[in-house]
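**Student:** Sharing a structure with you now.
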Amino acid sequence: MKIDYKTYCDKVRGCYIGKNVGGTLGAPFECYRGVYDIDDFMQDVSSPVPNDDVDLQLVWLAAIEHEGKNIDSHTLAQYWQNYVAAVISEYGTGANNYRMGIAPPLSGHLRNENRDSNGAWIRTEIWACLCAGNPALAANYAYYDACVDHSGEGIYAAVFTAAVQAAAFFESDVNKLIKIGLSYLPEKCGVRNAINLALDCYKKGDDFKTARKKLLIAEPSSFGEMNGEWQGTALVPACKKCPAQSKEKDLPPSVHGYDAPASIGIVIIGWLYGEGDFGKSVCTAVNCGEDTDCTAGTLGSILGIINGADKIPDKWKNGCSDKIVTCCLRGDGLLNAPESVGALCDRVVKQFPVVSSERCEFAEHGFNVIAANSLAYDENAFYPYQQENFKDLLKDSPNTIRRHFSGLTAKVAFDKTLVSVKNGEQKRITVTLCNKLYLPQYVTVKLYGLPHDWTSAGATECCVGLEHWHGSKVNHTNSCEFAFTPENIRNGKYEFTIELSVNGRGERMYVPFALFADNSQK
């Protein structure tokens with residue numbers, strides 16, 4: 001399967017126009033609980049609405065433009081530090097962890113009450129557009145992105161959304177797309193439960209209000225509890241279409257920050273009950289309340305990809321500003337943030353051949369986009385020289401940090417206490433190296449930074465042999481372990497470095513990490 005350049009460009013524009021429409025439509029109702037009956041914008045939309053759902057994607061675009069396709073969570077975390085000013089919720093926690101030397105995926109996990117919330121799945125459009133027709137690769141990038149400031153359900157939601165959006169460039173059937181997205185999820189997780197519940201409600205003939213109620217009972221969300229029941233605001237007073245709400249006593253209290261499952265469920269409710277109509281779909285998502293700009297924005301992007309910009313009704317397409325106003329970025333010439341949705345789409349399209357060169361077929365006017373052999377998850381479709389199997393990433397998360405170098409990938413896995421250390425309790429760290437070359441390698445692995453009065457259970461240097469992966473299913477990956485017992489802990493933080501040097505090659509590769517005294521993390 002392939003789509004031509006004109007079709008691809010139209011679908012990318014549809015993606016971000018739909019994102020803009022849904023985000024603008026839902027903005028007045030974000031963080032409120034209620035059930036509405038809106039069918040149009042409820043506020044003045046002549047001026048652009050700032051949207052953090054898009055802001056982060058502008059940073060990732062700059063990362064791709066400057067660093068190319070071989071980016072990972074470490075690269076994205078560095079760009080985050082440089083350009084993201086937001087310090088609230090999971091955004092602030094992830095960035096603060098990274099500044100302390102806690103690398104992804106631990107940066108998104110430790111001390112993070114909002115790790116299961118919505119900050120990651122709302123920004124997956126860029127990975128879908130750059131990996132159009134290749135959901136597995138989109139899921140990889142979505143994981144690298146999400147684990148900077150999320151864990152658990154926050155990552156699962158991003159993986160699902162990215163896979164669905166990437167597949168939507170070639171598949172339009174809602175049930176097939178949902179099935180494709182589910183194939184990328186763990187068998188047991190809240191996001192899967194929420195999606196299946198929405199599907200079941202629609203199949204049984206429940207109306208969308210009943211489906212919403214069942215969803216919030218099964219997967220309680222804290223998002224609608226932030227500002228409480230909708231009573232109207234100065235921007236949008238309560239009216240017939242969005243009346244003042246009463247407390248719903250049959251909804252159970254939620255765990256703070258556990259928001260992704262219910263929100264993804266609302267996206268699915270809007271999609272199913274909208275029955276293919278763009279406006280009805282995004283309005284239904286908003287009419288369910290909670291994180292309204294995010295649910296409607298993501299659903300708008302999915303429908304925009306499926307239909308293309310040209311088929312989004314003019315009422316919606318021309319109904320809100322094309323300009324981009326950022327709300328949580330520190331800008332400079334290197335970031336060079338686009339000032340309009342059109343300019344953003346033009347720059348994203350230019351990067352498709354960079355990120356998806358194997359799926360890009362150059363033609364007389366632009367290029368064709370070729371779909372992967374399987375849009376659903378297929379463990380046999382992964383090759384070490386192309387990408388990592390993201391389900392291995394999920395399995396290793398959150399205790400394993402990764403660094404990708406030109407000839408190998410280094411994984412540093414911590415024991416069950418993660419990055420905490422305690423007097424007299426042995427600490428184990430496992431270093432696993434994965435060969436990415438058709439060339440055997442010997443790698444010297446050294447641990448630096450061990451205090452002189454900490455007792456090592458063995459050497460702090462080892463030599464690891466790696467065969468090339470072709471013809472060797474085992475020896476292209478090899479591991480060594482460092483074990484030591486902290487004594488006389490005096491500092492709150494200890495900094496370490498793993499140095500990797502390959503025999504016969506002059507380069508040195510480094511993986512820094514930090515350990516913290518006692519139980520300073522949860």
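Residues in the structure tokens are numbered from 1 in each chain, the chains being A, B, ... in the order shown, and ligands are numbered from 1 in the order shown.
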Near region 206-212 of chain A, within 10 Å and counting only C-alpha atoms, which residues show up once chain neighbours fewer than 2 positions away are dropped, as an mmCIF file with N, CA and C atoms, in the first residue's frame?

**Tutor:**
data_model
loop_
_atom_site.group_PDB
_atom_site.id
_atom_site.type_symbol
_atom_site.label_atom_id
_atom_site.label_comp_id
_atom_site.auth_asym_id
_atom_site.auth_seq_id
_atom_site.Cartn_x
_atom_site.Cartn_y
_atom_site.Cartn_z
ATOM 1 N N VAL A 35 -21.752 17.152 31.805
ATOM 2 C CA VAL A 35 -22.268 16.598 30.551
ATOM 3 C C VAL A 35 -22.950 17.738 29.813
ATOM 4 N N TYR A 36 -22.558 17.976 28.568
ATOM 5 C CA TYR A 36 -23.028 19.138 27.826
ATOM 6 C C TYR A 36 -23.745 18.711 26.547
ATOM 7 N N LEU A 197 -14.376 -1.070 27.374
ATOM 8 C CA LEU A 197 -15.653 -0.674 27.961
ATOM 9 C C LEU A 197 -16.437 0.211 26.992
ATOM 10 N N ALA A 198 -15.749 1.180 26.370
ATOM 11 C CA ALA A 198 -16.422 2.060 25.405
ATOM 12 C C ALA A 198 -16.966 1.264 24.221
ATOM 13 N N LEU A 199 -16.178 0.323 23.727
ATOM 14 C CA LEU A 199 -16.630 -0.523 22.621
ATOM 15 C C LEU A 199 -17.861 -1.333 23.024
ATOM 16 N N ASP A 200 -17.831 -1.874 24.234
ATOM 17 C CA ASP A 200 -18.934 -2.701 24.715
ATOM 18 C C ASP A 200 -20.212 -1.870 24.869
ATOM 19 N N CYS A 201 -20.077 -0.658 25.399
ATOM 20 C CA CYS A 201 -21.242 0.217 25.564
ATOM 21 C C CYS A 201 -21.880 0.544 24.217
ATOM 22 N N TYR A 202 -21.060 0.848 23.246
ATOM 23 C CA TYR A 202 -21.585 1.184 21.921
ATOM 24 C C TYR A 202 -22.268 -0.020 21.287
ATOM 25 N N LYS A 203 -21.660 -1.187 21.448
ATOM 26 C CA LYS A 203 -22.232 -2.417 20.890
ATOM 27 C C LYS A 203 -23.579 -2.734 21.537
ATOM 28 N N LYS A 204 -23.718 -2.478 22.840
ATOM 29 C CA LYS A 204 -24.957 -2.769 23.557
ATOM 30 C C LYS A 204 -26.067 -1.758 23.258
ATOM 31 N N LYS A 214 -20.474 4.907 32.926
ATOM 32 C CA LYS A 214 -19.864 3.597 33.186
ATOM 33 C C LYS A 214 -18.342 3.696 33.159
ATOM 34 N N LEU A 215 -17.829 4.506 32.230
ATOM 35 C CA LEU A 215 -16.380 4.674 32.114
ATOM 36 C C LEU A 215 -15.794 5.296 33.373
ATOM 37 N N LEU A 216 -16.407 6.376 33.868
ATOM 38 C CA LEU A 216 -15.870 7.082 35.034
ATOM 39 C C LEU A 216 -16.064 6.300 36.325
ATOM 40 N N ILE A 217 -16.979 5.336 36.323
ATOM 41 C CA ILE A 217 -17.112 4.439 37.469
ATOM 42 C C ILE A 217 -16.022 3.363 37.421
ATOM 43 N N ALA A 218 -15.778 2.830 36.217
ATOM 44 C CA ALA A 218 -14.789 1.750 36.070
ATOM 45 C C ALA A 218 -13.357 2.262 36.160
ATOM 46 N N ALA A 262 -9.381 6.953 31.515
ATOM 47 C CA ALA A 262 -10.694 7.554 31.270
ATOM 48 C C ALA A 262 -10.663 8.495 30.075
ATOM 49 N N GLY A 265 -10.655 6.595 26.961
ATOM 50 C CA GLY A 265 -12.011 6.078 26.815
ATOM 51 C C GLY A 265 -12.959 7.118 26.235
ATOM 52 N N ILE A 266 -12.826 8.364 26.635
ATOM 53 C CA ILE A 266 -13.674 9.437 26.106
ATOM 54 C C ILE A 266 -13.360 9.691 24.638
ATOM 55 N N ILE A 269 -15.265 7.030 22.908
ATOM 56 C CA ILE A 269 -16.703 7.328 22.924
ATOM 57 C C ILE A 269 -17.050 8.372 21.865
ATOM 58 N N GLY A 270 -16.290 9.450 21.812
ATOM 59 C CA GLY A 270 -16.546 10.474 20.797
ATOM 60 C C GLY A 270 -16.430 9.929 19.394
ATOM 61 N N LEU A 272 -16.759 6.681 18.346
ATOM 62 C CA LEU A 272 -17.808 5.715 18.026
ATOM 63 C C LEU A 272 -19.172 6.392 17.868
ATOM 64 N N TYR A 273 -19.527 7.232 18.832
ATOM 65 C CA TYR A 273 -20.851 7.834 18.819
ATOM 66 C C TYR A 273 -20.937 8.979 17.816
ATOM 67 N N GLY A 274 -19.809 9.488 17.365
ATOM 68 C CA GLY A 274 -19.823 10.487 16.303
ATOM 69 C C GLY A 274 -20.132 9.903 14.947
ATOM 70 N N THR A 284 -19.024 15.404 20.824
ATOM 71 C CA THR A 284 -19.348 14.351 21.784
ATOM 72 C C THR A 284 -18.225 14.182 22.792
ATOM 73 N N ALA A 285 -16.977 14.255 22.334
ATOM 74 C CA ALA A 285 -15.839 14.154 23.261
ATOM 75 C C ALA A 285 -15.884 15.282 24.284
ATOM 76 N N ASN A 287 -18.520 16.945 25.159
ATOM 77 C CA ASN A 287 -19.746 16.807 25.945
ATOM 78 C C ASN A 287 -19.623 15.794 27.076
ATOM 79 N N CYS A 288 -18.542 15.022 27.067
ATOM 80 C CA CYS A 288 -18.273 14.094 28.178
ATOM 81 C C CYS A 288 -17.507 14.754 29.312
ATOM 82 N N GLY A 289 -17.028 15.986 29.109
ATOM 83 C CA GLY A 289 -16.301 16.687 30.159
ATOM 84 C C GLY A 289 -14.890 16.179 30.360
#

**Student:** Check region 289-432 of chain A with DSSP on the backbone and list each residue it calls strand (DSSP E), as a list in words.

**Tutor:**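 DSSP-assigned strand (DSSP E) residues in region 289-432 of chain A: Cys360, Glu361, Phe362, Phe367, Asn368, Val369, Ile370, Thr400, Ile401, Arg402, Arg403, His404, Leu408, Thr409, Ala410, Lys411, Val412, Ala413, Phe414, Ser420, Val421, Lys427, Arg428, Ile429, Thr430, Val431 and Thr432 of chain A.
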
**Student:** From the options A:His109, A:Arg33, A:Lys213, A:Arg330, which residue's atoms come nearest to Val59 (chain A), counting only C-alpha atoms?

**Tutor:**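 For Val59 (chain A), the nearest of the candidates is A:Arg330.
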
**Student:** Tell me, as a compact mmCIF listing (two decimals) with N, CA, C and O atoms, in the first residue's frame, which residues lie within 10 Å of region 99-106 of chain A, counting only C-alpha atoms; anything in the same chain fewer than 3 positions away does not count.

**Tutor:**
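Final file, selection.txt:
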# COMPACT_ATOMS: atom_id res chain seq x y z
N ASP A 72 16.38 9.70 20.99
CA ASP A 72 15.80 8.81 21.99
C ASP A 72 15.36 9.66 23.17
O ASP A 72 15.33 10.90 23.10
N SER A 73 15.00 9.01 24.26
CA SER A 73 14.47 9.74 25.41
C SER A 73 15.50 10.71 25.98
O SER A 73 15.14 11.78 26.50
N HIS A 74 16.79 10.34 25.92
CA HIS A 74 17.83 11.24 26.43
C HIS A 74 17.89 12.52 25.61
O HIS A 74 17.94 13.63 26.17
N LEU A 76 15.48 13.83 23.77
CA LEU A 76 14.25 14.59 24.00
C LEU A 76 14.28 15.28 25.36
O LEU A 76 13.81 16.42 25.50
N ALA A 77 14.82 14.61 26.37
CA ALA A 77 14.92 15.23 27.69
C ALA A 77 15.83 16.46 27.66
O ALA A 77 15.56 17.46 28.33
N GLN A 78 16.92 16.38 26.88
CA GLN A 78 17.80 17.54 26.77
C GLN A 78 17.09 18.71 26.11
O GLN A 78 17.22 19.86 26.55
N GLN A 81 14.76 20.30 28.55
CA GLN A 81 15.45 21.20 29.48
C GLN A 81 15.73 22.56 28.85
O GLN A 81 15.68 23.59 29.51
N THR A 93 7.80 17.68 37.24
CA THR A 93 8.44 16.58 37.95
C THR A 93 9.47 15.88 37.07
O THR A 93 10.59 15.60 37.50
N GLY A 94 9.10 15.59 35.82
CA GLY A 94 10.04 14.94 34.91
C GLY A 94 11.28 15.78 34.69
O GLY A 94 12.41 15.27 34.71
N ALA A 95 11.09 17.08 34.46
CA ALA A 95 12.23 17.97 34.23
C ALA A 95 13.09 18.09 35.48
O ALA A 95 14.34 18.10 35.39
N ASN A 96 12.49 18.17 36.64
CA ASN A 96 13.24 18.28 37.88
C ASN A 96 14.05 17.01 38.14
O ASN A 96 15.22 17.07 38.56
N HIS A 109 8.99 8.44 36.23
CA HIS A 109 8.40 7.52 37.19
C HIS A 109 8.52 7.98 38.64
O HIS A 109 7.55 7.93 39.39
N LEU A 110 9.71 8.42 39.03
CA LEU A 110 9.98 8.67 40.44
C LEU A 110 9.30 9.94 40.94
O LEU A 110 9.30 10.97 40.27
N ARG A 111 8.71 9.85 42.14
CA ARG A 111 8.06 10.97 42.82
C ARG A 111 7.02 11.65 41.94
O ARG A 111 6.75 12.84 42.10
N ASN A 112 6.45 10.95 41.00
CA ASN A 112 5.59 11.57 40.00
C ASN A 112 4.13 11.13 40.19
O ASN A 112 3.72 10.09 39.69
N TYR A 143 7.08 6.12 22.96
CA TYR A 143 7.64 5.66 24.24
C TYR A 143 8.80 6.56 24.67
O TYR A 143 8.84 7.01 25.83
N TYR A 144 9.74 6.82 23.78
CA TYR A 144 10.88 7.67 24.13
C TYR A 144 10.41 9.04 24.62
O TYR A 144 10.98 9.62 25.55
N ASP A 145 9.37 9.56 23.98
CA ASP A 145 8.79 10.84 24.36
C ASP A 145 8.11 10.74 25.73
O ASP A 145 8.44 11.48 26.67
N ALA A 146 7.19 9.80 25.88
CA ALA A 146 6.35 9.73 27.07
C ALA A 146 7.13 9.45 28.34
O ALA A 146 6.81 9.98 29.41
N CYS A 147 8.19 8.62 28.26
CA CYS A 147 8.88 8.22 29.48
C CYS A 147 9.72 9.33 30.08
O CYS A 147 10.22 9.19 31.19
N VAL A 148 9.87 10.45 29.37
CA VAL A 148 10.57 11.59 29.96
C VAL A 148 9.81 12.12 31.18
O VAL A 148 10.41 12.48 32.18
N ASP A 149 8.47 12.10 31.10
CA ASP A 149 7.68 12.67 32.19
C ASP A 149 6.47 11.82 32.59
O ASP A 149 5.61 12.30 33.33
N HIS A 150 6.41 10.58 32.12
CA HIS A 150 5.30 9.69 32.46
C HIS A 150 5.80 8.27 32.70
O HIS A 150 6.94 7.93 32.36
N SER A 151 4.91 7.46 33.23
CA SER A 151 5.17 6.04 33.39
C SER A 151 3.83 5.33 33.31
O SER A 151 2.78 5.97 33.26
N LEU A 393 10.83 -2.33 25.48
CA LEU A 393 10.98 -1.09 26.23
C LEU A 393 9.97 -1.04 27.38
O LEU A 393 10.31 -0.68 28.51
N LEU A 394 8.73 -1.41 27.10
CA LEU A 394 7.71 -1.42 28.15
C LEU A 394 8.05 -2.42 29.24
O LEU A 394 7.85 -2.16 30.43
N ASP A 396 11.01 -3.45 30.17
CA ASP A 396 12.16 -2.99 30.96
C ASP A 396 11.85 -1.76 31.81
O ASP A 396 12.56 -1.47 32.77
N SER A 397 10.82 -1.03 31.45
CA SER A 397 10.50 0.21 32.15
C SER A 397 9.88 -0.11 33.52
O SER A 397 9.14 -1.08 33.65
N PRO A 398 10.18 0.70 34.59
CA PRO A 398 10.95 1.93 34.53
C PRO A 398 12.39 1.79 35.04
O PRO A 398 13.05 2.79 35.28
N ASN A 399 12.89 0.56 35.26
CA ASN A 399 14.16 0.43 35.97
C ASN A 399 15.38 0.44 35.07
O ASN A 399 16.50 0.30 35.55
N THR A 400 15.21 0.59 33.75
CA THR A 400 16.33 0.50 32.81
C THR A 400 16.46 1.78 32.01
O THR A 400 15.52 2.18 31.32
N ILE A 401 17.62 2.42 32.10
CA ILE A 401 17.90 3.57 31.24
C ILE A 401 18.69 3.11 30.03
O ILE A 401 19.43 2.13 30.09
N ARG A 402 18.51 3.82 28.93
CA ARG A 402 19.13 3.43 27.66
C ARG A 402 19.90 4.60 27.09
O ARG A 402 19.46 5.75 27.18
N ARG A 403 21.02 4.29 26.44
CA ARG A 403 21.71 5.27 25.62
C ARG A 403 22.07 4.59 24.31
O ARG A 403 22.59 3.47 24.28
N LEU A 418 15.69 0.72 42.70
CA LEU A 418 15.89 1.73 41.66
C LEU A 418 17.12 2.59 41.95
O LEU A 418 18.22 2.05 42.03
N VAL A 419 16.99 3.88 42.15
CA VAL A 419 18.17 4.73 42.31
C VAL A 419 18.43 5.11 43.76
O VAL A 419 19.15 6.07 44.03
N LYS A 493 23.31 12.72 47.39
CA LYS A 493 23.38 12.32 45.99
C LYS A 493 24.79 11.89 45.63
O LYS A 493 25.77 12.54 46.03
N TYR A 494 24.91 10.80 44.90
CA TYR A 494 26.20 10.31 44.41
C TYR A 494 26.13 10.15 42.89
O TYR A 494 25.18 9.56 42.37
N GLU A 495 27.13 10.70 42.20
CA GLU A 495 27.12 10.67 40.74
C GLU A 495 28.11 9.63 40.23
O GLU A 495 29.25 9.54 40.71
N PHE A 496 27.68 8.85 39.24
CA PHE A 496 28.48 7.77 38.67
C PHE A 496 28.49 7.90 37.15
O PHE A 496 27.64 8.55 36.55
N VAL A 511 27.66 6.79 29.99
CA VAL A 511 26.29 6.76 30.50
C VAL A 511 26.34 7.26 31.94
O VAL A 511 26.71 6.51 32.86
N PRO A 512 25.98 8.51 32.19
CA PRO A 512 25.98 9.02 33.56
C PRO A 512 24.68 8.66 34.28
O PRO A 512 23.62 8.52 33.66
N PHE A 513 24.76 8.50 35.59
CA PHE A 513 23.56 8.29 36.38
C PHE A 513 23.84 8.72 37.81
O PHE A 513 24.99 8.93 38.20
N ALA A 514 22.80 8.85 38.59
CA ALA A 514 22.93 9.28 39.98
C ALA A 514 22.20 8.30 40.89
O ALA A 514 21.20 7.69 40.51
N LEU A 515 22.73 8.14 42.11
CA LEU A 515 22.07 7.37 43.16
C LEU A 515 21.84 8.29 44.35
O LEU A 515 22.63 9.22 44.59
N PHE A 516 20.78 8.00 45.11
CA PHE A 516 20.37 8.90 46.18
C PHE A 516 20.26 8.14 47.50
O PHE A 516 19.86 6.98 47.54

**Student:** Hey, what's within 12 Å of Ala343 (chain A) if we count only C-alpha atoms and toss same-chain stuff fewer than 4 positions away? As JSON, numbers by chain, please?

**Tutor:** {"A": [12, 13, 16, 17, 58, 61, 322, 323, 324, 336, 337, 338, 339, 347, 348, 349, 350]}
